[in-house]
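What follows is a single structure, written as structure tokens, with notes after it.
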Amino acid sequence: MKTDTIAAIATAMTASGIGIVRISGDEAFDVIDRIYRSKNGKKVLSKEPSHTIHYGYIMDGDEMIDEVMVLLMKAPNSYTREDTIEIDCHGGVLVMRRILETVLKYGARPAEPGEFTKRAFLNGRIDLSQAESVIDIIQSKNDFALKSSISQLNGALTDKIRAIRAKIIHEIAFIESALDDPEHISIDGYGEKLEKIVEEIQTELEKMIRSSENGSILKEGINTVIVGKPNAGKSSLLNVLVGKERAIVTDIAGTTRDVLEEQINLNGISLNIIDTAGIRNTEDVVEKIGVDKAKQYLGDADLVIYVVDSSTALDENDEEIIAMLADKKAVVLLNKSDLAAVTTVDDLAKRLDQKIIPVSTKENTGIEEFENTIKDMFFHGQLSFNDEIYITNIRHKNLLSEAHESLKMVEQSIADGMPEDFYSIDLMNAYESLGNIIGEAVDDDLVNEIFSKFCMGK
Amino acid sequence: MPAENMVQASPVENKGKKRRVVEETYDVCVVGAGHAGCEAALACARLGLQTIVFTVSVDSIAMMPCNPNIGGSSKGHLVREIDALGGEMGKNIDKTFIQSKMLNKSKGPAVHSLRAQADKAAYSMEMRKTLQNTKNLTIRQAEVSEIITENNVITGVKTFSGAVYHCRAVVLCTGTYLRARCLYGEVVNYTGPNGLQPANHLTDSLKEHGVEMFRFKTGTPARIDKNTIDFSKMQEQFGDERVVPFSFTTNPDDVQIDQVSCWLTYTNEKTHEIIRDNLDRSPIYAGVIKGTGPRYCPSIEDKVVKFADKDRHQVFIEPEGLNTNEMYVGGMSSSLPEDVQYEMYRTVPGLEHAKIVRNAYAIEYDCINPNQLLPTLEFKKIKGLFSGGQFNGSSGYEEAASQGLIAGINASMSILGKKQLILHRSESYIGVLIDDLVTKENHEPYRMMTSRAEYRLLLRQDNADLRLSKYGHEVGLISDERYEWVVEKEKLIQDEINRVEYVTVGANKDVQSLLEQYGSVPLNTGTTLTELIRRPELSYEVLAPIDPERPDLPAEVQEQVSINIKYDGYIRRQIKQVEHFKKLEAKKIPEDFDYDAVDSLRIEARQKLKLYRPVSIGQASRISGVSPADISMLLVHMEQMRHQAGKKES
């Protein structure tokens with residue numbers, strides 16, 4: 001059905017040795033021709049035979065992104081039965097991401113969740129018995145994509161996009177109402193006014209695109225939660241890891257009542273750390289909310305860091321946490337190793353089957369062992385990024401760039417002295433692209449805006 | 001085979017007594033002779049089918065009960081498209097207009113739109129003459145009160161007098177007449193527009209057949225006696241110097257007539273004060289009328305309330321014809337009481353001594369939820385029953401005529417056993433209109449707007465013939481001769497576009513002085529004619545002096561060459577979007593598709609899909625509440641079915 005060209009990262013988003021970016025569709029070869037350079041600079045991949053592998057570089061203009069191997073598969077002899085290219089690059093999240101971004105910049109669009117599989121099926125590549133699994137993939141990936149693209153977007157960003165969209169639709173509505181009712185509404189001299197507005201919006205979009213390059217649209221990384229009883233040293237641990245005073249640290253139990261978030265980077269592995277209120281039975285209403293949240297975060301986490309105060313005995317609160325850790329990836333830190341031990345490694349080992357490391361956040365001991373443990377878990381594949389978040393981020397960035405591009409065309413139309421009705425075509429495209437980020441379709445927005453804001457009619 | 005037209009009287013039992021009723025047989029019964037009904041009836045009769053058109057009053061054929069215009073933004077496009085398909089509206093207005101303007105001339109070609117003031121009486125009379133002189137067409141004054149079906153297939157209609165008309169297709173074009181009531185202030189008249197007899201019985205029959213009905217309302221301003229207006233206090237509005245006809249068949253030289261003027265004046269704070277003080281006497285604000293009115297033609301009450309910050313609103317005083325003193329007060333439709341109407345109109349400069357000939361009023365009427373229709377305008381559940389116009393929940397003469405034409409064509413095609421005509425959004429405003437009606441939720445009378453057409457750069461009023469003549473020809477409403485000219489025209493346009501691309505222009509004196517004349521930057525080096533045409537301040541036409549080899553081409557061809565070259569970049573982009581769109585439209589969903597068998601559809605999507613029963617994946621994707629993931633599910637499921645079917649065969 002759709003034969004436009006799609007691309008995605010085909011391998012897991014881990015620090016594995018090799019990563020694959022896959023492109024499929026009618027223009028797959030056009031895209032690769034635009035970004036591939038062979039060693040002698042002369043090879044054109046679209047002229048090469050199917051099922052061959054080529055060494056070379058991926059280029060964004062004059063900038064070299066990575067040294068790669070490119071595998072060519074011409075239709076119908078590929079998974080999707082379309083022209084397909086696979087770019088084998090050095091593994092590593094950043095490199096894969098840069099390559100995918102380059103592929104998108106030069107003509108492909110980000111694949112929808114499960115789209116390669118869907119195409120393979122629709123093109124008759126996959127056997128009927130596999131259809132059910134196709135449906136599952138589309139469904140689960142879509143559920144996630146929806147969740148991640150909307151609910152995980154931080155509120156501030158959503159608000160910003162909504163505000164920009166409101167501005168854009170207002171301008172379109174003005175143009176359209178003037179076109180629809182030229183005798184009532186005059187549009188003379190509007191180009192200059194619009195130019196200013198477009199410029200403002202572009203500046204805002206540029207800011208957002210830049211911040212998306214720093215990965216801050218969605219928090220990428222391993223979702224990590226620090227749990228433990230009040231005053232076990234959770235916030236101190238976070239501060240040691242982050243290297244600055246972030247959480248409020250006092251000796252009074254129950255001071256971290258809310259949830260703190262921090263992103264840290266351990267040897268290239270990013271952890272999205274959530275510091276929670278200490279888990280204990282409490283009558284304090286505010287604290288109780290924090291405790292409930294902590295339990296909820298624990299349930300969703302990819303990795304749990306359980307901090308135990310070795311100078312106190314294990315109690316019912318610890319039992320509760322230990323029970324929740326049963327089927328989670330977790331590391332137990334036995335804190336306050338500088339004080340006399342009441343609870344020992346053995347006490348804990350009897351109760352749970354997780355790695356236990358004695359540390360002292362005060363003396364800064366044991367932290368290195370902890371970091372190495374995390375690294376080992378990651379390289380042994382016990383931990384992985386949620387690649388959907390990366391893909392969602394790339395999709396968002398792509399949409400922001402599309403909107404920006406559309407606004408550029410509005411500017412161009414104004415500069416060229418095109419009639420006003422041409423402005424609204426590209427404004428509408430920008431509006432749509434931004435809508436896709438926050439999951440809002442166009443539907444009847446325009447007609448509603450026209451009628452509510454502009455007085456027209458016989 | 002068209003039916004033999006038979007008239008006979010047959011006995012029926014009535015309270016023990018034998019009574020004889022009229023019984024006749026036709027191919028098609030058209031109910032209503034407004035703008036939709038006329039087009040439907042003409043199309044059927046012209047395609048050789050025995051056709052009868054019913055109207056509650058023969059004097060109201062093609063009546064214009066509201067504004068005295070044909071065309072306007074986007075509506076002018078519709079009229080052009082009707083003409084390209086072989087309809088009558090464009091020809092009829094060309095014969096009866098008294099002023100004409102091309103709107104938006106300073107804007108891009110996609111939004112140029114013709115609008116003409118009609119002589120209402122002449123418009124109606126001309127259309128009546130055309131109907132009378134059309135072979136196979138019978139006009140009958142009668143109120144149709146029932147539709148007759150057998151096994152969900154239409155077999156005829158029955159009139160209030162008991163007469164039965166057997167037929168193979170019915171086109172319902174009842175306009176605003178079904179259980180109509182007109183209101184202003186405390187006054188409620190149970191009449192159709194202009195005090196005409198309403199049709200009070202058909203609604204019940206339709207409901208019995210399971211048709212879901214809506215109730216919509218609209219309104220019209222007062223008509224004022226010309227002799228009581230002081231035009232010196234108003235601005236005169238002239239028609240265009242050179243009039244462009246609506247119909248592609250009208251010779252432009254034939255429409256250069258003496259035109260009459262319209263007049264512009266404004267409301268003021270005093271007007272608004274009177275309205276605000278009397279809002280409680282408006283049936284809408286008092287809650288007597290509950291339906292939402294159309295937002296695009298708000299009553300003056302609505303304007304004053306909703307746009308309270310505006311200290312004045314425009315008022316256009318437009319003649320209703322050459323032989324009447326009535327002037328239409330555009331911009332001031334109302335349902336306020338008679339005494340308030342006098343008071344408020346008289347606050348407007350020039351109307352201080354105005355006498356009202358007809359009151360402004362609001363009208364309520366029954367119409368259908370158009371989601372019960374296929375894109376062919378046939379009812380999904382009743383075979384052979386078609387409908388068009390305000391009955392389908394639209395508004396406007398042009399919207400009505402468009403649907404009437406398509407309903408008439410498709411009623412004919414189904415009788416003749418030929419392919420139904422569905423115009424797509426990518427090729428016509430009519431396609432957008434019908435697709436919106438049958439696919440989107442509609443809570444007010446639907447009006448066409450250029451912003452509703454996503455591919456409007458391609459759907460211009462100037463190229464309606466190029467876009468649609470092939471369909472008009474295919475169904476049989478456009479003659480071979482007329483169609484051959486369109487094909488020829490297409491070729492001339494393409495050849496000329498190709499030619500100018502290779503015409504090089506040097507930086508010589510003649511060229512530079514021509515450029516200077518149009519305020520265009522002089523050339524440094526040679527270029528092509530195409531490049532020059534792309535400059536906003538230039539066009540194909542003005543560059544004739546520096547293009548000595550130019551062939552002698554008709555103006556309509558030159559215009560197309562100019563537009564196609566000038567907006568090439570934009571046009572290409574839209575063509576690309578259209579290609580994608582077409583792929584989805586081509587993916588047909590079987591009529592008996594079982595949505596319950598697709599487990600993975602979300603509940604909301606499943607309900608909507610079952611309700612709308614879209615004909616294609618494209619249409620399905622436009623239903624609100626159906627997500628891209630649902631569309632994927634549908635595609636996967638359909639593919640699965642195809643595999644299974646393939647296996648069974650082998």
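The chains in the structure tokens are called A, B, ... from first to last as shown; in each chain the residues are counted from 1, and the ligands are counted from 1 in the order shown.
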For Val225 in chain A, list every protein, DNA or RNA residue within 9 Å, evaluated using only C-alpha atoms, and leave out those in the same chain fewer than 3 positions away; present the list as a list in words. Asn272, Ile273, Ile274, Asp275, Thr276, Ala294, Tyr297, Leu298, Asp300, Ala301, Asp302, Leu303, Val304, Ile305 and Tyr306 of chain A
Mind dumping a table of every chain B residue within 6 Å of chain A, with the nearest atom pair and its distance in Å to one decimal, using only C-alpha atoms, sorted by chain and rising number, as CSV?
```
residue,atom,partner,partner_atom,distance
B:Ser73,CA,A:Asp180,CA,5.3
B:Lys107,CA,A:Pro419,CA,4.8
B:Gly108,CA,A:Pro419,CA,5.1
B:Tyr296,CA,A:Gly457,CA,5.5
B:Cys297,CA,A:Gly457,CA,4.3
B:Gly330,CA,A:Lys458,CA,5.1
B:Gly331,CA,A:Lys458,CA,4.1
```
Include N, CA and C atoms and write out the residues we just selected as a PDB file, in the first residue's frame.
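Result file is again-v6.pdb:
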```pdb
ATOM      1  N   SER B  73     -17.229  32.368  -2.951  1.00  0.00           N
ATOM      2  CA  SER B  73     -16.034  31.600  -2.653  1.00  0.00           C
ATOM      3  C   SER B  73     -16.368  30.117  -2.512  1.00  0.00           C
ATOM      4  N   LYS B 107      -5.793  37.333  -5.239  1.00  0.00           N
ATOM      5  CA  LYS B 107      -5.207  36.165  -4.586  1.00  0.00           C
ATOM      6  C   LYS B 107      -4.808  35.122  -5.628  1.00  0.00           C
ATOM      7  N   GLY B 108      -4.400  33.964  -5.147  1.00  0.00           N
ATOM      8  CA  GLY B 108      -3.972  32.914  -6.064  1.00  0.00           C
ATOM      9  C   GLY B 108      -5.133  32.354  -6.869  1.00  0.00           C
ATOM     10  N   TYR B 296     -21.680  29.691   9.727  1.00  0.00           N
ATOM     11  CA  TYR B 296     -21.108  30.546   8.685  1.00  0.00           C
ATOM     12  C   TYR B 296     -22.065  31.626   8.225  1.00  0.00           C
ATOM     13  N   CYS B 297     -23.372  31.460   8.482  1.00  0.00           N
ATOM     14  CA  CYS B 297     -24.210  32.620   8.191  1.00  0.00           C
ATOM     15  C   CYS B 297     -25.029  32.936   9.421  1.00  0.00           C
ATOM     16  N   GLY B 330     -28.375  41.707   2.901  1.00  0.00           N
ATOM     17  CA  GLY B 330     -27.329  40.729   3.203  1.00  0.00           C
ATOM     18  C   GLY B 330     -26.580  41.086   4.472  1.00  0.00           C
ATOM     19  N   GLY B 331     -26.428  40.105   5.363  1.00  0.00           N
ATOM     20  CA  GLY B 331     -25.684  40.333   6.601  1.00  0.00           C
ATOM     21  C   GLY B 331     -26.586  40.565   7.796  1.00  0.00           C
TER      22      GLY B 331
END
```
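As for CA of Lys101 in chain B and CA of Gly71 in chain B, they are spaced 9.6 Å apart.
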For range 34-48 of chain A, work out the shell of residues within 8 Å, counting only C-alpha atoms and skipping chain neighbours fewer than 6 positions away, then give it as a ChimeraX atom specification. /A:54-61,72,102-103,106
Nearby residues (only C-alpha atoms) at most 12 Å from Asn398 in chain A, same-chain spacing under 6 positions excluded, as a ChimeraX atom specification: /A:100-111,205,208-210,212-213,391-392,404-405,430,433-434,436-437
Leaving out Asp26 in chain A and any residue of its chain fewer than 4 positions from it, which residues lie within 9 Å of it when counting only C-alpha atoms, given as a list in words? Thr3, Asp4, Thr5, Asp30, Ala75, Glu82, Asp83 and Thr84 of chain A
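Counting only C-alpha atoms, Ile197 in chain A has the following residues at most 10 Å away, ignoring those fewer than 4 positions along the same chain: Lys167, Ile168, Glu171, Gly191, Glu192, Lys193, Ile201 and Gln202 of chain A.
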If you count only C-alpha atoms, which residues fall within 12 Å of Phe216 in chain B, apart from same-chain ones fewer than 5 positions away, as a PyMOL selection string? chain B and resi 175-181+289-294+362-369+390-395+442-446
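Note that the spacing between CA of Leu94 in chain A and CA of Ile65 in chain A amounts to 10.4 Å.
Counting only C-alpha atoms and comparing B:Ile382, B:Ala62, B:Leu85, B:Met344, the residue that lies closest to Ile147 in chain B is B:Ile382.
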